[in-house]
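Source file final-v3.txt; content: compact mmCIF, C-alpha atoms and all ligand atoms.
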# COMPACT_ATOMS: atom_id res chain seq x y z
CA MET G 1 -38.89 53.16 102.96
CA LYS G 2 -35.75 51.77 101.38
CA THR G 3 -32.99 53.22 99.27
CA ILE G 4 -34.08 53.57 95.67
CA PHE G 5 -31.62 52.70 92.92
CA LEU G 6 -32.31 53.93 89.39
CA ILE G 7 -30.67 51.89 86.66
CA GLY G 8 -30.80 52.19 82.88
CA PHE G 9 -28.75 52.95 79.79
CA MET G 10 -26.94 56.27 79.31
CA GLY G 11 -29.45 58.97 78.43
CA SER G 12 -32.43 57.25 80.04
CA GLY G 13 -32.90 60.22 82.39
CA LYS G 14 -31.65 58.63 85.63
CA SER G 15 -30.07 61.81 86.99
CA SER G 16 -32.92 64.23 86.31
CA ILE G 17 -35.57 61.70 87.37
CA GLY G 18 -33.54 60.84 90.47
CA GLU G 19 -33.33 64.47 91.54
CA ALA G 20 -37.03 65.11 90.95
CA LEU G 21 -38.06 61.90 92.74
CA ALA G 22 -35.81 62.66 95.71
CA LYS G 23 -37.39 66.09 96.09
CA GLN G 24 -40.87 64.63 95.87
CA ILE G 25 -40.30 61.98 98.54
CA ASN G 26 -37.96 64.05 100.71
CA LYS G 27 -34.82 62.00 100.42
CA PRO G 28 -31.32 63.05 99.44
CA SER G 29 -30.39 62.51 95.81
CA LEU G 30 -27.05 60.84 95.02
CA ASP G 31 -25.42 60.05 91.71
CA SER G 32 -22.75 57.34 91.47
CA ASP G 33 -20.95 59.13 88.60
CA LYS G 34 -20.71 62.36 90.59
CA LEU G 35 -19.48 60.47 93.65
CA VAL G 36 -16.73 58.79 91.63
CA GLU G 37 -15.64 62.18 90.27
CA GLU G 38 -15.72 63.83 93.71
CA VAL G 39 -13.83 61.11 95.55
CA ASN G 40 -11.18 60.75 92.85
CA GLN G 41 -11.00 64.45 91.97
CA GLU G 42 -11.02 63.48 88.31
CA THR G 43 -13.59 63.45 85.51
CA ILE G 44 -14.95 60.16 84.18
CA PRO G 45 -13.28 60.56 80.75
CA ALA G 46 -9.95 61.21 82.53
CA ILE G 47 -10.38 58.06 84.65
CA PHE G 48 -11.17 56.03 81.51
CA ASN G 49 -8.08 57.49 79.82
CA ARG G 50 -5.76 56.70 82.68
CA GLU G 51 -7.12 53.40 83.99
CA GLY G 52 -9.46 52.15 81.30
CA GLU G 53 -12.98 50.90 81.87
CA ALA G 54 -11.80 48.27 84.38
CA GLY G 55 -10.33 50.93 86.68
CA PHE G 56 -13.50 52.98 86.46
CA ARG G 57 -15.68 49.97 87.35
CA VAL G 58 -13.77 49.36 90.58
CA LYS G 59 -14.26 53.00 91.62
CA GLU G 60 -17.92 52.85 90.61
CA THR G 61 -18.55 49.84 92.87
CA SER G 62 -16.90 51.61 95.85
CA ALA G 63 -19.07 54.68 95.22
CA LEU G 64 -22.16 52.48 95.05
CA GLU G 65 -21.22 50.74 98.30
CA ARG G 66 -20.87 54.04 100.13
CA ALA G 67 -24.03 55.53 98.65
CA ALA G 68 -26.07 52.41 99.38
CA MET G 69 -25.70 52.99 103.11
CA LYS G 70 -27.74 56.18 102.83
CA ASP G 71 -31.51 56.35 102.79
CA ALA G 72 -31.55 58.10 99.43
CA VAL G 73 -32.47 58.04 95.76
CA ILE G 74 -29.37 56.87 93.90
CA SER G 75 -28.85 57.35 90.18
CA THR G 76 -26.34 54.85 88.89
CA GLY G 77 -24.12 54.90 85.80
CA GLY G 78 -25.42 52.99 82.77
CA GLY G 79 -22.73 50.36 83.21
CA ILE G 80 -23.67 49.45 86.77
CA VAL G 81 -24.94 46.12 85.39
CA GLU G 82 -21.42 45.25 84.21
CA ARG G 83 -20.45 43.86 87.64
CA PRO G 84 -22.63 41.24 89.35
CA GLN G 85 -21.54 42.42 92.81
CA ASN G 86 -23.35 45.70 92.16
CA LYS G 87 -26.63 43.76 92.06
CA VAL G 88 -25.90 42.25 95.46
CA ILE G 89 -25.15 45.69 96.94
CA MET G 90 -28.40 47.13 95.59
CA ASN G 91 -30.53 44.12 96.54
CA GLN G 92 -29.22 44.21 100.09
CA ASN G 93 -29.99 47.88 100.53
CA GLY G 94 -33.10 48.77 98.62
CA ILE G 95 -35.14 48.46 95.46
CA ILE G 96 -34.03 48.68 91.86
CA ILE G 97 -36.02 50.63 89.30
CA TYR G 98 -35.10 50.27 85.64
CA LEU G 99 -35.83 53.25 83.43
CA HIS G 100 -36.37 51.68 80.04
CA THR G 101 -35.79 53.92 77.03
CA ALA G 102 -35.74 52.84 73.38
CA PHE G 103 -32.34 52.96 71.67
CA GLU G 104 -33.65 55.41 69.05
CA THR G 105 -34.77 57.84 71.78
CA ILE G 106 -31.34 57.65 73.38
CA VAL G 107 -29.58 58.33 70.07
CA ASP G 108 -31.83 61.35 69.69
CA ARG G 109 -31.12 62.61 73.20
CA LEU G 110 -27.37 62.07 73.45
CA LYS G 111 -26.45 62.93 69.86
CA GLU G 112 -22.63 63.07 69.71
CA ASP G 113 -22.04 63.57 73.44
CA GLU G 114 -18.30 63.16 73.94
CA THR G 115 -18.35 63.24 77.74
CA ARG G 116 -19.42 59.59 77.92
CA PRO G 117 -16.51 57.38 76.83
CA LEU G 118 -18.71 54.41 75.94
CA TRP G 119 -21.08 56.53 73.86
CA ASN G 120 -18.12 58.07 72.07
CA GLN G 121 -17.84 55.20 69.58
CA ASP G 122 -19.57 54.17 66.38
CA LEU G 123 -23.30 53.52 66.20
CA GLU G 124 -22.93 49.77 65.80
CA LYS G 125 -20.90 49.49 69.00
CA ARG G 126 -23.34 51.71 70.91
CA LYS G 127 -26.21 49.53 69.76
CA ALA G 128 -24.35 46.31 70.66
CA LEU G 129 -23.72 47.66 74.16
CA TYR G 130 -27.40 48.54 74.52
CA GLU G 131 -28.49 45.07 73.34
CA LYS G 132 -26.03 43.37 75.66
CA ARG G 133 -27.21 45.27 78.72
CA LEU G 134 -30.95 45.28 78.08
CA PRO G 135 -31.66 41.78 79.46
CA ARG G 136 -29.53 42.53 82.51
CA TYR G 137 -31.41 45.72 83.35
CA LYS G 138 -34.66 43.78 83.10
CA GLU G 139 -33.40 40.90 85.15
CA TRP G 140 -32.00 43.11 87.91
CA ALA G 141 -35.07 45.34 88.18
CA ASP G 142 -37.77 45.12 90.82
CA TYR G 143 -39.81 47.49 88.65
CA VAL G 144 -39.54 48.60 85.03
CA ILE G 145 -40.72 52.04 83.93
CA GLN G 146 -41.10 52.95 80.25
CA THR G 147 -39.80 56.48 79.86
CA ASP G 148 -40.06 57.22 76.14
CA ASP G 149 -43.36 59.05 76.02
CA MET G 150 -43.46 60.41 79.54
CA ASP G 151 -42.11 63.62 81.02
CA VAL G 152 -40.08 63.70 84.24
CA GLU G 153 -43.09 64.66 86.36
CA ALA G 154 -45.21 61.75 85.10
CA ILE G 155 -42.33 59.29 85.60
CA VAL G 156 -41.81 60.51 89.17
CA GLU G 157 -45.54 60.08 89.85
CA LYS G 158 -45.43 56.58 88.43
CA ILE G 159 -42.43 55.57 90.55
CA ASN G 160 -43.97 57.15 93.63
CA SER G 161 -47.14 55.08 93.13
CA LEU G 162 -45.03 51.91 93.23
CA LEU G 163 -43.24 52.70 96.49
C1 LIG U 1 -21.34 54.54 81.51
C2 LIG U 1 -22.32 55.45 81.77
C3 LIG U 1 -22.07 56.76 82.37
C4 LIG U 1 -20.77 56.73 83.21
C5 LIG U 1 -19.65 56.19 82.39
C6 LIG U 1 -19.90 54.76 81.89
C7 LIG U 1 -21.69 53.24 80.88
O1 LIG U 1 -23.15 57.15 83.21
O2 LIG U 1 -20.96 55.95 84.36
O3 LIG U 1 -19.43 57.07 81.31
O4 LIG U 1 -20.90 52.30 80.95
O5 LIG U 1 -22.83 53.15 80.35
P1 LIG U 1 -24.60 57.64 82.64
O6 LIG U 1 -25.44 56.42 82.45
O7 LIG U 1 -25.11 58.51 83.73
O8 LIG U 1 -24.35 58.37 81.37
Rewrite the structure of this file - the entire thing - as C-alpha cells.
Ligand code: S3P
Amino acid sequence: MKTIFLIGFMGSGKSSIGEALAKQINKPSLDSDKLVEEVNQETIPAIFNREGEAGFRVKETSALERAAMKDAVISTGGGIVERPQNKVIMNQNGIIIYLHTAFETIVDRLKEDETRPLWNQDLEKRKALYEKRLPRYKEWADYVIQTDDMDVEAIVEKINSLL
C-alpha cells in the first residue's frame, strides 16, 4: 500500500481523520503542519509573522518531501495546493484523497479561530480563498470524499474501502 495524502480546506477534518485512518490501517500518522512547527521550533502564526506566507510555503514543501518518504497517512495543510511542486511530490509517493467540506460547514466549525493566519481575515476573503482552491483540490485528487454529513468513523470506513 502507498502513502496516503489527505488534502482539503482548513477545518475539513484532515488531522482527526488522518489519525483515525492511520490507526485503522496500522500506519504512522503524520501532519505537515506539526512537522513544520517541530523542525522550525516555531508556531505557524509566528512563521507567518516573521517570514510571511511565502516563507511558510517553502518550509511546508520541505516537510512534505520528508514525510512523503514514509509509508504513512499524511495530513497536509489546507494550502498545500498553493505550490504545484507539492502535487508532484504526492503523486510520486502515493495517493491523494480530497476531503470535501462545504464552506458553510467550515465556517461553523472554525468560528473565529485565530491560530490559522489565513482564516483570521474577513469572511469575503475566506470565501475567495475557498473558491480559488476548490478546483485545485478536485483536480489533484485521486479520490474525493464528501465529509459534511459523515462522522470520522464513517469517513475512515469509506476511505479504507477505496484503498
Ligand atoms: C493553511 C492551513 C493550515 C496551515 C496554515 C496555512 C492554509 O493548515 O497549514 O495555517 O493556507 O489553508 P490546516 O488546513 O490544517 O488548518
Legend entry - Contacts of G:Ile89 at 8 Å (all atoms listed in the file; same-chain gap of 6+ positions) as a PyMOL selection string: chain G and resi 64-65+68
Which residues of chain G come within 8 Å of ligand LIG 1 (chain U), and what is each one's closest atom pair and distance in Å (one decimal), counting only C-alpha atoms and all ligand atoms, sorted by chain and residue number, as a tab-separated table?
residue	atom	partner	partner_atom	distance
G:Gly8	CA	U:LIG1	O6	6.8
G:Phe9	CA	U:LIG1	O6	5.5
G:Met10	CA	U:LIG1	O6	3.5
G:Gly11	CA	U:LIG1	O8	5.9
G:Ser12	CA	U:LIG1	O6	7.4
G:Lys14	CA	U:LIG1	O7	6.8
G:Ser15	CA	U:LIG1	O7	6.8
G:Ser32	CA	U:LIG1	O2	7.5
G:Asp33	CA	U:LIG1	O2	5.3
G:Ile44	CA	U:LIG1	O3	6.2
G:Pro45	CA	U:LIG1	O3	7.1
G:Glu53	CA	U:LIG1	C6	7.9
G:Glu60	CA	U:LIG1	O2	7.6
G:Ser75	CA	U:LIG1	O7	7.5
G:Thr76	CA	U:LIG1	O7	6.4
G:Gly77	CA	U:LIG1	O1	3.6
G:Gly78	CA	U:LIG1	O6	3.4
G:Gly79	CA	U:LIG1	O4	3.5
G:Ile80	CA	U:LIG1	O4	7.0
G:Glu82	CA	U:LIG1	O4	7.8
G:Thr115	CA	U:LIG1	O3	7.2
G:Arg116	CA	U:LIG1	O3	4.2
G:Pro117	CA	U:LIG1	O3	5.4
G:Leu118	CA	U:LIG1	O4	5.9
G:Trp119	CA	U:LIG1	O5	7.5
Inset, instruction - Would you mind reading off the distance between atom CA of G:Asp122 and atom CA of G:Asp148, one decimal, in Å? - result: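 Computed distance, atom CA of G:Asp122 to atom CA of G:Asp148, equals 22.9 Å.
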Legend entry - Nearest candidate to G:Ser16 (options G:Leu99, G:Thr43, G:Val81, G:Glu124; using only C-alpha atoms): G:Leu99
Inset, instruction - Extract, using all atoms listed in the file, all DNA, RNA and protein residues at most 10 Å from G:Leu21, discarding same-chain residues fewer than 4 positions from it, and format them as a list of chain:residue names. - result: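 With the cut-off at 10 Å, the set is G:Ile4, G:Ser15, G:Ser16, G:Ile17, G:Ile25, G:Asn26, G:Lys27, G:Pro28, G:Ser29, G:Val73, G:Val152, G:Glu153, G:Ile155, G:Val156, G:Glu157, G:Ile159, G:Asn160.
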Legend entry - Between atom CA of G:Ile7 and atom CA of G:His100, distance in Å (one decimal):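 Result for atom CA of G:Ile7 versus atom CA of G:His100: 8.7 Å, one decimal.
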